[in-house]
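Enquirer: Supplied structure: query.cif, mmCIF, C-alpha atoms and all ligand atoms.
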```
data_start
#
loop_
_atom_site.group_PDB
_atom_site.id
_atom_site.type_symbol
_atom_site.label_atom_id
_atom_site.label_comp_id
_atom_site.auth_asym_id
_atom_site.auth_seq_id
_atom_site.Cartn_x
_atom_site.Cartn_y
_atom_site.Cartn_z
ATOM 1 C CA MET A 1 27.073 -49.329 -111.749
ATOM 2 C CA ALA A 2 30.806 -49.052 -111.023
ATOM 3 C CA ILE A 3 33.306 -48.895 -113.891
ATOM 4 C CA LYS A 4 35.405 -52.067 -113.681
ATOM 5 C CA ILE A 5 39.127 -51.407 -114.150
ATOM 6 C CA ILE A 6 42.269 -53.527 -114.609
ATOM 7 C CA VAL A 7 45.633 -51.834 -113.893
ATOM 8 C CA ALA A 8 48.925 -53.010 -115.412
ATOM 9 C CA GLY A 9 52.082 -52.109 -113.475
ATOM 10 C CA PRO A 10 50.529 -51.719 -109.981
ATOM 11 C CA ARG A 11 53.896 -51.802 -108.152
ATOM 12 C CA GLY A 12 55.358 -48.928 -110.208
ATOM 13 C CA ARG A 13 55.409 -45.273 -109.086
ATOM 14 C CA MET A 14 52.472 -44.357 -111.338
ATOM 15 C CA GLY A 15 50.701 -47.706 -110.858
ATOM 16 C CA LYS A 16 50.694 -47.394 -107.030
ATOM 17 C CA GLU A 17 49.126 -43.937 -107.232
ATOM 18 C CA ALA A 18 46.550 -45.183 -109.755
ATOM 19 C CA VAL A 19 45.546 -48.108 -107.514
ATOM 20 C CA GLN A 20 45.097 -45.702 -104.557
ATOM 21 C CA MET A 21 43.043 -43.346 -106.726
ATOM 22 C CA ILE A 22 40.785 -46.135 -108.049
ATOM 23 C CA TYR A 23 40.067 -47.467 -104.550
ATOM 24 C CA GLY A 24 39.171 -43.904 -103.535
ATOM 25 C CA VAL A 25 36.530 -43.319 -106.239
ATOM 26 C CA ASN A 26 33.038 -44.712 -105.550
ATOM 27 C CA ASP A 27 32.267 -45.098 -109.275
ATOM 28 C CA PHE A 28 35.363 -47.254 -109.852
ATOM 29 C CA GLU A 29 36.069 -50.893 -109.026
ATOM 30 C CA LEU A 30 39.563 -52.394 -109.342
ATOM 31 C CA THR A 31 38.762 -55.884 -110.628
ATOM 32 C CA ALA A 32 42.357 -57.076 -111.187
ATOM 33 C CA CYS A 33 45.970 -56.094 -111.744
ATOM 34 C CA LEU A 34 48.444 -57.245 -114.373
ATOM 35 C CA ASP A 35 52.049 -57.645 -113.232
ATOM 36 C CA HIS A 36 54.985 -59.715 -114.371
ATOM 37 C CA LYS A 37 55.381 -61.098 -110.835
ATOM 38 C CA ASN A 38 53.039 -62.217 -108.022
ATOM 39 C CA ASP A 39 50.686 -64.398 -110.094
ATOM 40 C CA GLY A 40 47.723 -65.684 -108.054
ATOM 41 C CA LYS A 41 48.337 -63.281 -105.149
ATOM 42 C CA LYS A 42 46.068 -60.463 -104.032
ATOM 43 C CA LEU A 43 47.388 -56.898 -104.047
ATOM 44 C CA SER A 44 47.190 -56.918 -100.242
ATOM 45 C CA ASP A 45 49.702 -59.826 -100.195
ATOM 46 C CA ILE A 46 52.299 -57.516 -101.772
ATOM 47 C CA GLU A 47 54.362 -55.214 -99.560
ATOM 48 C CA GLY A 48 53.179 -51.627 -99.563
ATOM 49 C CA PHE A 49 49.479 -52.233 -100.264
ATOM 50 C CA GLN A 50 46.639 -51.906 -97.763
ATOM 51 C CA ASP A 51 45.012 -55.017 -96.251
ATOM 52 C CA ASP A 52 41.680 -54.293 -97.943
ATOM 53 C CA PHE A 53 43.166 -53.990 -101.462
ATOM 54 C CA ASN A 54 41.981 -57.443 -102.504
ATOM 55 C CA ALA A 55 42.164 -57.273 -106.328
ATOM 56 C CA PRO A 56 43.709 -60.466 -107.783
ATOM 57 C CA VAL A 57 47.055 -60.250 -109.577
ATOM 58 C CA TYR A 58 47.648 -61.959 -112.931
ATOM 59 C CA THR A 59 50.804 -62.387 -115.003
ATOM 60 C CA ASP A 60 48.986 -63.893 -118.007
ATOM 61 C CA ILE A 61 47.130 -61.162 -119.869
ATOM 62 C CA GLU A 62 44.825 -63.530 -121.797
ATOM 63 C CA LYS A 63 43.795 -65.298 -118.583
ATOM 64 C CA CYS A 64 43.282 -61.937 -116.879
ATOM 65 C CA PHE A 65 41.078 -60.541 -119.648
ATOM 66 C CA THR A 66 39.103 -63.788 -119.977
ATOM 67 C CA GLU A 67 38.426 -64.334 -116.272
ATOM 68 C CA GLN A 68 37.792 -60.677 -115.374
ATOM 69 C CA GLN A 69 35.060 -58.757 -117.161
ATOM 70 C CA ALA A 70 36.479 -55.237 -117.160
ATOM 71 C CA ASP A 71 35.357 -52.002 -118.839
ATOM 72 C CA VAL A 72 38.681 -50.147 -118.793
ATOM 73 C CA PHE A 73 42.344 -51.180 -118.855
ATOM 74 C CA VAL A 74 44.902 -48.716 -117.423
ATOM 75 C CA ASP A 75 48.502 -49.287 -118.547
ATOM 76 C CA LEU A 76 51.429 -47.785 -116.610
ATOM 77 C CA THR A 77 54.327 -50.071 -117.524
ATOM 78 C CA THR A 78 56.947 -49.836 -120.275
ATOM 79 C CA PRO A 79 56.577 -49.004 -124.002
ATOM 80 C CA GLU A 80 57.272 -52.622 -125.074
ATOM 81 C CA PHE A 81 54.674 -54.201 -122.803
ATOM 82 C CA GLY A 82 52.259 -51.280 -122.872
ATOM 83 C CA TYR A 83 51.932 -51.644 -126.635
ATOM 84 C CA LYS A 84 51.274 -55.414 -126.415
ATOM 85 C CA HIS A 85 48.835 -54.917 -123.524
ATOM 86 C CA THR A 86 46.935 -52.170 -125.360
ATOM 87 C CA LYS A 87 46.531 -54.363 -128.433
ATOM 88 C CA ALA A 88 45.302 -57.283 -126.320
ATOM 89 C CA ALA A 89 42.809 -55.049 -124.460
ATOM 90 C CA LEU A 90 41.358 -53.704 -127.730
ATOM 91 C CA ASN A 91 41.058 -57.264 -129.071
ATOM 92 C CA HIS A 92 39.058 -58.137 -125.945
ATOM 93 C CA GLY A 93 36.856 -55.047 -126.264
ATOM 94 C CA ILE A 94 38.294 -53.527 -123.057
ATOM 95 C CA ARG A 95 38.914 -49.763 -123.383
ATOM 96 C CA PRO A 96 42.574 -48.829 -122.767
ATOM 97 C CA VAL A 97 43.659 -45.675 -120.918
ATOM 98 C CA VAL A 98 47.401 -45.577 -121.481
ATOM 99 C CA GLY A 99 49.898 -43.422 -119.603
ATOM 100 C CA THR A 100 52.935 -45.409 -120.673
ATOM 101 C CA THR A 101 55.140 -43.210 -122.883
ATOM 102 C CA GLY A 102 57.503 -43.935 -125.756
ATOM 103 C CA TYR A 103 55.336 -45.459 -128.497
ATOM 104 C CA THR A 104 56.521 -45.047 -132.085
ATOM 105 C CA SER A 105 54.252 -43.267 -134.567
ATOM 106 C CA GLU A 106 53.820 -46.605 -136.413
ATOM 107 C CA GLN A 107 52.600 -48.261 -133.196
ATOM 108 C CA LEU A 108 50.193 -45.374 -132.554
ATOM 109 C CA GLU A 109 48.833 -45.630 -136.098
ATOM 110 C CA GLU A 110 48.353 -49.392 -135.723
ATOM 111 C CA LEU A 111 46.521 -48.966 -132.404
ATOM 112 C CA LYS A 112 44.379 -46.201 -133.892
ATOM 113 C CA GLN A 113 43.305 -48.490 -136.727
ATOM 114 C CA LEU A 114 42.651 -51.396 -134.340
ATOM 115 C CA ALA A 115 40.482 -49.207 -132.067
ATOM 116 C CA LYS A 116 38.528 -48.076 -135.131
ATOM 117 C CA ASP A 117 38.081 -51.652 -136.405
ATOM 118 C CA LYS A 118 36.964 -52.840 -132.970
ATOM 119 C CA LYS A 119 34.842 -49.692 -132.393
ATOM 120 C CA THR A 120 36.440 -49.544 -128.935
ATOM 121 C CA GLY A 121 37.437 -46.361 -127.093
ATOM 122 C CA CYS A 122 41.108 -45.821 -126.239
ATOM 123 C CA ILE A 123 42.993 -42.853 -124.785
ATOM 124 C CA ILE A 124 46.776 -42.558 -124.890
ATOM 125 C CA ALA A 125 48.058 -39.515 -122.996
ATOM 126 C CA PRO A 126 51.764 -38.797 -122.462
ATOM 127 C CA ASN A 127 50.874 -36.111 -119.878
ATOM 128 C CA PHE A 128 47.922 -36.746 -117.545
ATOM 129 C CA ALA A 129 48.411 -33.549 -115.515
ATOM 130 C CA ILE A 130 45.271 -31.511 -116.239
ATOM 131 C CA GLY A 131 47.036 -28.369 -115.010
ATOM 132 C CA ALA A 132 49.803 -28.818 -117.598
ATOM 133 C CA VAL A 133 47.265 -29.086 -120.419
ATOM 134 C CA LEU A 134 45.426 -25.980 -119.168
ATOM 135 C CA MET A 135 48.723 -24.116 -118.825
ATOM 136 C CA MET A 136 49.379 -24.804 -122.534
ATOM 137 C CA LYS A 137 45.857 -23.727 -123.548
ATOM 138 C CA PHE A 138 46.064 -20.489 -121.507
ATOM 139 C CA ALA A 139 49.525 -19.750 -122.929
ATOM 140 C CA LYS A 140 48.144 -20.050 -126.462
ATOM 141 C CA MET A 141 45.288 -17.679 -125.569
ATOM 142 C CA ALA A 142 47.674 -15.093 -124.098
ATOM 143 C CA ALA A 143 50.112 -15.316 -127.024
ATOM 144 C CA ALA A 144 47.545 -13.733 -129.345
ATOM 145 C CA TYR A 145 47.919 -10.522 -127.287
ATOM 146 C CA PHE A 146 51.525 -10.820 -126.046
ATOM 147 C CA PRO A 147 53.964 -11.823 -128.805
ATOM 148 C CA ASP A 148 56.948 -11.492 -126.434
ATOM 149 C CA VAL A 149 57.284 -14.686 -124.417
ATOM 150 C CA GLU A 150 59.904 -16.897 -122.787
ATOM 151 C CA ILE A 151 59.340 -20.437 -121.505
ATOM 152 C CA ILE A 152 61.183 -21.696 -118.434
ATOM 153 C CA GLU A 153 60.831 -25.420 -117.780
ATOM 154 C CA LYS A 154 62.313 -27.039 -114.653
ATOM 155 C CA HIS A 155 62.787 -30.768 -114.075
ATOM 156 C CA HIS A 156 64.634 -33.246 -111.845
ATOM 157 C CA ASP A 157 68.263 -33.830 -112.815
ATOM 158 C CA GLN A 158 67.649 -37.401 -114.041
ATOM 159 C CA LYS A 159 65.711 -36.159 -117.057
ATOM 160 C CA LEU A 160 67.565 -36.942 -120.287
ATOM 161 C CA ASP A 161 65.827 -34.742 -122.864
ATOM 162 C CA ALA A 162 65.779 -30.944 -123.045
ATOM 163 C CA PRO A 163 63.632 -29.033 -123.596
ATOM 164 C CA SER A 164 60.775 -31.092 -122.143
ATOM 165 C CA GLY A 165 58.061 -32.362 -124.495
ATOM 166 C CA THR A 166 55.625 -30.048 -122.709
ATOM 167 C CA ALA A 167 57.823 -26.961 -123.317
ATOM 168 C CA LYS A 168 58.167 -27.846 -126.996
ATOM 169 C CA LYS A 169 54.451 -28.453 -127.337
ATOM 170 C CA THR A 170 53.752 -25.103 -125.572
ATOM 171 C CA ALA A 171 56.059 -23.284 -127.997
ATOM 172 C CA GLU A 172 54.360 -24.943 -130.969
ATOM 173 C CA LEU A 173 50.896 -23.932 -129.712
ATOM 174 C CA ILE A 174 52.066 -20.354 -129.076
ATOM 175 C CA GLN A 175 53.566 -20.244 -132.570
ATOM 176 C CA GLU A 176 50.138 -21.021 -134.070
ATOM 177 C CA VAL A 177 48.859 -17.596 -132.933
ATOM 178 C CA ARG A 178 51.977 -15.496 -132.314
ATOM 179 C CA LYS A 179 53.208 -13.102 -134.983
ATOM 180 C CA SER A 180 56.744 -14.235 -135.890
ATOM 181 C CA LYS A 181 59.189 -12.055 -134.004
ATOM 182 C CA LYS A 182 62.826 -12.168 -132.977
ATOM 183 C CA GLN A 183 62.781 -11.141 -129.335
ATOM 184 C CA GLY A 184 65.274 -9.165 -127.293
ATOM 185 C CA HIS A 185 67.595 -6.407 -128.511
ATOM 186 C CA PRO A 186 68.631 -6.882 -132.163
ATOM 187 C CA ASP A 187 72.282 -6.379 -131.138
ATOM 188 C CA GLU A 188 72.243 -8.537 -127.994
ATOM 189 C CA GLU A 189 75.313 -10.740 -127.486
ATOM 190 C CA GLU A 190 75.850 -13.734 -125.229
ATOM 191 C CA THR A 191 79.070 -13.455 -123.204
ATOM 192 C CA ILE A 192 78.380 -16.959 -121.829
ATOM 193 C CA GLN A 193 77.222 -19.308 -124.584
ATOM 194 C CA GLY A 194 73.589 -20.435 -124.310
ATOM 195 C CA VAL A 195 72.727 -17.985 -121.533
ATOM 196 C CA ARG A 196 69.716 -16.643 -123.467
ATOM 197 C CA GLY A 197 68.263 -20.158 -123.853
ATOM 198 C CA GLY A 198 67.187 -22.081 -126.937
ATOM 199 C CA ASP A 199 65.717 -20.193 -129.894
ATOM 200 C CA PHE A 200 62.326 -21.426 -131.138
ATOM 201 C CA ASN A 201 61.202 -19.142 -133.959
ATOM 202 C CA GLY A 202 62.538 -16.120 -132.099
ATOM 203 C CA MET A 203 61.125 -16.990 -128.645
ATOM 204 C CA ARG A 204 63.396 -18.431 -125.957
ATOM 205 C CA ILE A 205 63.120 -21.704 -124.025
ATOM 206 C CA HIS A 206 65.173 -22.246 -120.861
ATOM 207 C CA SER A 207 65.654 -25.715 -119.306
ATOM 208 C CA MET A 208 66.603 -25.947 -115.631
ATOM 209 C CA ARG A 209 67.733 -29.307 -114.125
ATOM 210 C CA LEU A 210 68.043 -29.666 -110.338
ATOM 211 C CA PRO A 211 67.602 -32.432 -107.757
ATOM 212 C CA GLY A 212 64.436 -31.811 -105.745
ATOM 213 C CA LEU A 213 62.403 -30.644 -108.729
ATOM 214 C CA VAL A 214 59.706 -32.863 -110.304
ATOM 215 C CA ALA A 215 58.124 -31.172 -113.376
ATOM 216 C CA HIS A 216 57.458 -27.430 -113.527
ATOM 217 C CA GLN A 217 56.959 -24.776 -116.201
ATOM 218 C CA GLU A 218 56.522 -21.004 -116.356
ATOM 219 C CA VAL A 219 55.405 -19.198 -119.491
ATOM 220 C CA VAL A 220 56.259 -15.508 -119.047
ATOM 221 C CA PHE A 221 54.726 -12.893 -121.363
ATOM 222 C CA GLY A 222 55.897 -9.276 -121.457
ATOM 223 C CA GLY A 223 54.207 -6.134 -122.786
ATOM 224 C CA PRO A 224 54.573 -2.389 -122.195
ATOM 225 C CA GLY A 225 54.440 -1.880 -118.409
ATOM 226 C CA GLN A 226 53.222 -5.405 -117.600
ATOM 227 C CA THR A 227 54.114 -9.092 -117.460
ATOM 228 C CA LEU A 228 51.875 -12.143 -117.298
ATOM 229 C CA THR A 229 53.141 -15.464 -115.892
ATOM 230 C CA ILE A 230 51.342 -18.772 -116.358
ATOM 231 C CA GLN A 231 52.867 -21.434 -114.131
ATOM 232 C CA HIS A 232 52.293 -25.129 -113.566
ATOM 233 C CA ASP A 233 53.987 -27.375 -110.979
ATOM 234 C CA SER A 234 53.776 -31.160 -110.679
ATOM 235 C CA MET A 235 54.918 -31.802 -107.088
ATOM 236 C CA ASN A 236 54.544 -35.596 -107.310
ATOM 237 C CA ARG A 237 52.791 -38.350 -109.287
ATOM 238 C CA ALA A 238 49.472 -37.608 -107.633
ATOM 239 C CA SER A 239 49.307 -34.701 -110.111
ATOM 240 C CA PHE A 240 48.609 -37.182 -112.912
ATOM 241 C CA MET A 241 45.688 -38.939 -111.215
ATOM 242 C CA ASP A 242 42.886 -36.470 -112.017
ATOM 243 C CA GLY A 243 43.794 -36.896 -115.683
ATOM 244 C CA ILE A 244 43.605 -40.695 -115.451
ATOM 245 C CA LYS A 245 40.270 -40.424 -113.605
ATOM 246 C CA GLU A 246 38.847 -38.106 -116.277
ATOM 247 C CA CYS A 247 40.070 -40.405 -119.071
ATOM 248 C CA VAL A 248 38.447 -43.460 -117.434
ATOM 249 C CA TYR A 249 35.081 -41.650 -117.536
ATOM 250 C CA GLN A 250 35.596 -40.284 -121.059
ATOM 251 C CA VAL A 251 36.831 -43.512 -122.658
ATOM 252 C CA MET A 252 33.519 -45.194 -121.776
ATOM 253 C CA ASP A 253 31.782 -42.991 -124.399
ATOM 254 C CA LEU A 254 34.406 -43.284 -127.158
ATOM 255 C CA ASP A 255 34.615 -45.699 -130.084
ATOM 256 C CA GLU A 256 38.027 -44.613 -131.388
ATOM 257 C CA LEU A 257 41.545 -43.792 -130.184
ATOM 258 C CA ILE A 258 42.241 -40.272 -128.908
ATOM 259 C CA TYR A 259 45.867 -39.190 -128.396
ATOM 260 C CA GLY A 260 46.643 -36.478 -125.841
ATOM 261 C CA LEU A 261 44.685 -35.298 -122.812
ATOM 262 C CA GLU A 262 44.164 -31.905 -124.487
ATOM 263 C CA ASN A 263 41.900 -33.626 -127.023
ATOM 264 C CA VAL A 264 39.742 -35.155 -124.297
ATOM 265 C CA LEU A 265 39.237 -32.185 -121.948
HETATM 266 P P1 LIG A 301 58.015 -47.526 -112.897
HETATM 267 O O1 LIG A 301 58.011 -47.035 -111.488
HETATM 268 O O2 LIG A 301 59.279 -48.117 -113.466
HETATM 269 O O3 LIG A 301 56.813 -48.600 -113.029
HETATM 270 C C1 LIG A 301 56.638 -49.489 -114.103
HETATM 271 C C2 LIG A 301 56.032 -50.758 -113.530
HETATM 272 O O4 LIG A 301 55.677 -51.632 -114.596
HETATM 273 C C3 LIG A 301 57.023 -51.531 -112.644
HETATM 274 O O5 LIG A 301 56.359 -51.936 -111.462
HETATM 275 C C4 LIG A 301 57.377 -52.749 -113.511
HETATM 276 O O6 LIG A 301 57.735 -53.875 -112.731
HETATM 277 C C5 LIG A 301 56.056 -52.939 -114.228
HETATM 278 N N1 LIG A 301 56.151 -53.795 -115.405
HETATM 279 C C6 LIG A 301 57.191 -53.936 -116.269
HETATM 280 N N2 LIG A 301 56.874 -54.842 -117.213
HETATM 281 C C7 LIG A 301 55.610 -55.266 -116.939
HETATM 282 C C8 LIG A 301 54.743 -56.199 -117.549
HETATM 283 N N3 LIG A 301 55.096 -56.893 -118.615
HETATM 284 N N4 LIG A 301 53.519 -56.380 -117.008
HETATM 285 C C9 LIG A 301 53.130 -55.700 -115.929
HETATM 286 N N5 LIG A 301 53.922 -54.821 -115.288
HETATM 287 C C10 LIG A 301 55.155 -54.602 -115.799
HETATM 288 O O7 LIG A 301 57.610 -46.352 -113.883
HETATM 289 P P2 LIG A 301 56.554 -45.156 -113.615
HETATM 290 O O8 LIG A 301 57.287 -43.936 -113.218
HETATM 291 O O9 LIG A 301 55.445 -45.666 -112.787
HETATM 292 O O10 LIG A 301 56.062 -44.906 -115.112
HETATM 293 C C11 LIG A 301 55.349 -45.883 -115.829
HETATM 294 C C12 LIG A 301 55.104 -45.361 -117.245
HETATM 295 O O11 LIG A 301 54.287 -44.181 -117.178
HETATM 296 C C13 LIG A 301 56.376 -44.929 -117.984
HETATM 297 O O12 LIG A 301 56.236 -45.228 -119.347
HETATM 298 C C14 LIG A 301 56.417 -43.414 -117.782
HETATM 299 O O13 LIG A 301 57.119 -42.733 -118.802
HETATM 300 C C15 LIG A 301 54.948 -43.107 -117.834
HETATM 301 N N6 LIG A 301 54.532 -41.845 -117.186
HETATM 302 C C16 LIG A 301 53.473 -41.227 -117.758
HETATM 303 C C17 LIG A 301 52.945 -40.077 -117.199
HETATM 304 C C18 LIG A 301 51.741 -39.449 -117.839
HETATM 305 O O14 LIG A 301 51.298 -38.393 -117.384
HETATM 306 N N7 LIG A 301 51.190 -40.059 -118.872
HETATM 307 C C19 LIG A 301 53.530 -39.525 -116.048
HETATM 308 C C20 LIG A 301 54.614 -40.195 -115.471
HETATM 309 C C21 LIG A 301 55.109 -41.364 -116.046
HETATM 310 P P3 LIG A 301 59.313 -54.126 -112.353
HETATM 311 O O15 LIG A 301 59.745 -52.923 -111.602
HETATM 312 O O16 LIG A 301 59.305 -55.374 -111.545
HETATM 313 O O17 LIG A 301 60.010 -54.286 -113.676
#
```
Starting from the file, lay out its structure as structure tokens.
Expert:
Amino acid sequence: MAIKIIVAGPRGRMGKEAVQMIYGVNDFELTACLDHKNDGKKLSDIEGFQDDFNAPVYTDIEKCFTEQQADVFVDLTTPEFGYKHTKAALNHGIRPVVGTTGYTSEQLEELKQLAKDKKTGCIIAPNFAIGAVLMMKFAKMAAAYFPDVEIIEKHHDQKLDAPSGTAKKTAELIQEVRKSKKQGHPDEEETIQGVRGGDFNGMRIHSMRLPGLVAHQEVVFGGPGQTLTIQHDSMNRASFMDGIKECVYQVMDLDELIYGLENVL
């Protein structure tokens, strides 16, 4: 039997991709969408959606969850609404798969407790790109053998934070197995400030920002006579869809909240 899914934020960049993905998977059925516009319309009535995308659109979450018997709720909206939606889904016994980012640790704790109380599966993953999670795992494996490493992360020039959360997380994972070491020549000097990148426990992180980039990272290890490069590139938002698909399957067998795709794979 198909897994019945409701998507919140179907007109957004992530939401549009998710709707396409769901219609393309035989095991999945898009039963409805939650938007803050277009109440009572079908997706196909909205510009940019195919004629056969006939899922109904709701603006009232209670009405949506009451009228549509869904198994999984996928949220791709904003932190404020994503949090409210996730709570409502858990209260209705519908398993949330949340890609929306920016929850506070208090909100995550509250949702974790609610999922436990309701014995309902929930996955919240700030990075759905399976390749990015694998890149981090492989980097941790390699760091046990190559303590000399530099991380180069590259993103579009609209990104506000540096380094990226993924680069920081990679450095933290590497640090769990890497012998502490200050890299480079002990007497090295920067003649242009910051040119050697940010220092994370003696390893260097470099953040590149350019138009045209999406989300990319290289982890470069060096040893006597050899280098090893582990690289991941997100070319567009389709890169996050395999992660959402995997989480929809996995959340069906959970009865608690799991945070992070790396804890699901
Ligand atoms: P986006 O293009 O701005 O899409 C957000 C959509 O949510 C918009 O269509 C917006 O409608 C809609 N929306 C806002 N309030 C709503 C509500 N109350 N109910 C239903 N829909 C509502 O953003 P995006 O790039 O798709 O990203 C969406 C979220 O996913 C963000 O939090 C982003 O950080 C996150 N993200 C996660 C991953 C991951 O791997 N987990 C990857 C990329 C992005 P209007 O435009 O009309 O306001």
Enquirer: What's the separation between atom N1 of ligand LIG 301 (chain A) and CA of Ile3 in chain A, in Å to one decimal place?
Expert: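 Distance reported for this atom pair: 23.4 Å.
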Enquirer: Could you list, as a list of chain:residue names, every residue within 9 Å of range 21-29 of chain A, counting all atoms listed in the file and ignoring same-chain residues fewer than 2 positions away?
Expert: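 Selected residues are A:Met1, A:Ala2, A:Ile3, A:Lys4, A:Ile5, A:Ile6, A:Lys16, A:Glu17, A:Ala18, A:Val19, A:Thr31, A:Phe53, A:Ala238, A:Met241, A:Asp242, A:Lys245.
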Enquirer: Is there a way to get, as a PyMOL selection string, all residues within 12 Å of the point (47.6, -13.2, -129.1) in file coordinates, counting all atoms listed in the file?
Expert: chain A and resi 138-149+173-180+221-223
Enquirer: Taking only residues of chain A that have an atom at most 9 Å from an atom of ligand LIG 301 (chain A), what is each one's shortest atom pair and its distance in Å to one decimal, using all atoms listed in the file, in chain and number order, as CSV?
Expert:
```
residue,atom,partner,partner_atom,distance
A:Val7,CA,A:LIG301,C9,8.7
A:Ala8,CA,A:LIG301,C9,5.0
A:Gly9,CA,A:LIG301,N5,3.7
A:Pro10,CA,A:LIG301,O5,6.0
A:Arg11,CA,A:LIG301,O5,4.1
A:Gly12,CA,A:LIG301,O3,3.2
A:Arg13,CA,A:LIG301,O9,3.7
A:Met14,CA,A:LIG301,O9,3.6
A:Gly15,CA,A:LIG301,O9,5.5
A:Lys16,CA,A:LIG301,O9,7.7
A:Glu17,CA,A:LIG301,O9,8.6
A:Cys33,CA,A:LIG301,C9,8.3
A:Leu34,CA,A:LIG301,C9,5.2
A:Asp35,CA,A:LIG301,C9,3.5
A:His36,CA,A:LIG301,N4,4.5
A:Lys37,CA,A:LIG301,O16,7.0
A:Tyr58,CA,A:LIG301,C9,8.8
A:Thr59,CA,A:LIG301,N4,6.9
A:Asp60,CA,A:LIG301,N4,8.8
A:Ile61,CA,A:LIG301,N4,8.5
A:Asp75,CA,A:LIG301,C12,7.8
A:Leu76,CA,A:LIG301,C11,4.4
A:Thr77,CA,A:LIG301,O4,3.6
A:Thr78,CA,A:LIG301,O12,4.8
A:Pro79,CA,A:LIG301,O12,6.0
A:Glu80,CA,A:LIG301,N3,8.0
A:Phe81,CA,A:LIG301,N3,5.0
A:Gly82,CA,A:LIG301,N3,7.6
A:Lys84,CA,A:LIG301,N3,8.8
A:His85,CA,A:LIG301,N4,8.2
A:Val98,CA,A:LIG301,N7,7.2
A:Gly99,CA,A:LIG301,N7,3.7
A:Thr100,CA,A:LIG301,O12,3.6
A:Thr101,CA,A:LIG301,O12,4.2
A:Gly102,CA,A:LIG301,O12,6.7
A:Ile124,CA,A:LIG301,N7,7.9
A:Ala125,CA,A:LIG301,N7,5.2
A:Pro126,CA,A:LIG301,N7,3.8
A:Asn127,CA,A:LIG301,O14,3.4
A:Phe128,CA,A:LIG301,O14,3.8
A:Ala129,CA,A:LIG301,O14,5.9
A:Arg237,CA,A:LIG301,C20,6.7
A:Ser239,CA,A:LIG301,O14,8.4
A:Phe240,CA,A:LIG301,O14,5.4
A:Met241,CA,A:LIG301,O14,8.4
A:Gly243,CA,A:LIG301,O14,7.8
A:Ile244,CA,A:LIG301,O14,8.3
A:Leu261,CA,A:LIG301,N7,9.0
```
Enquirer: Report as a Markdown table: every residue of range 77-181 of chain A with an atom at most 7 Å from range 228-234 of chain A, its closest pair of atoms, and their distance in Å to one decimal, counting all atoms listed in the file, with rows sorted by chain and ascending residue number.
Expert:
```
| residue | atom | partner | partner_atom | distance |
| --- | --- | --- | --- | --- |
| A:Gly131 | CA | A:His232 | CA | 6.3 |
| A:Ala132 | CA | A:His232 | CA | 6.0 |
| A:Met135 | CA | A:His232 | CA | 6.4 |
| A:Ala139 | CA | A:Ile230 | CA | 6.9 |
```
Enquirer: For Leu257 in chain A, find every residue with an atom within 8 Å (counting only C-alpha atoms), except residues of its own chain fewer than 2 positions away, and show them as a PyMOL selection string.
Expert: chain A and resi 111-112+115-116+120-124+254-255+259
Enquirer: Counting only C-alpha atoms, which of A:Thr166, A:Gln193, A:Gln68, A:Gln50 gets nearest to Gly260 in chain A?
Expert: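 Under the stated criterion, the closest residue is A:Thr166.
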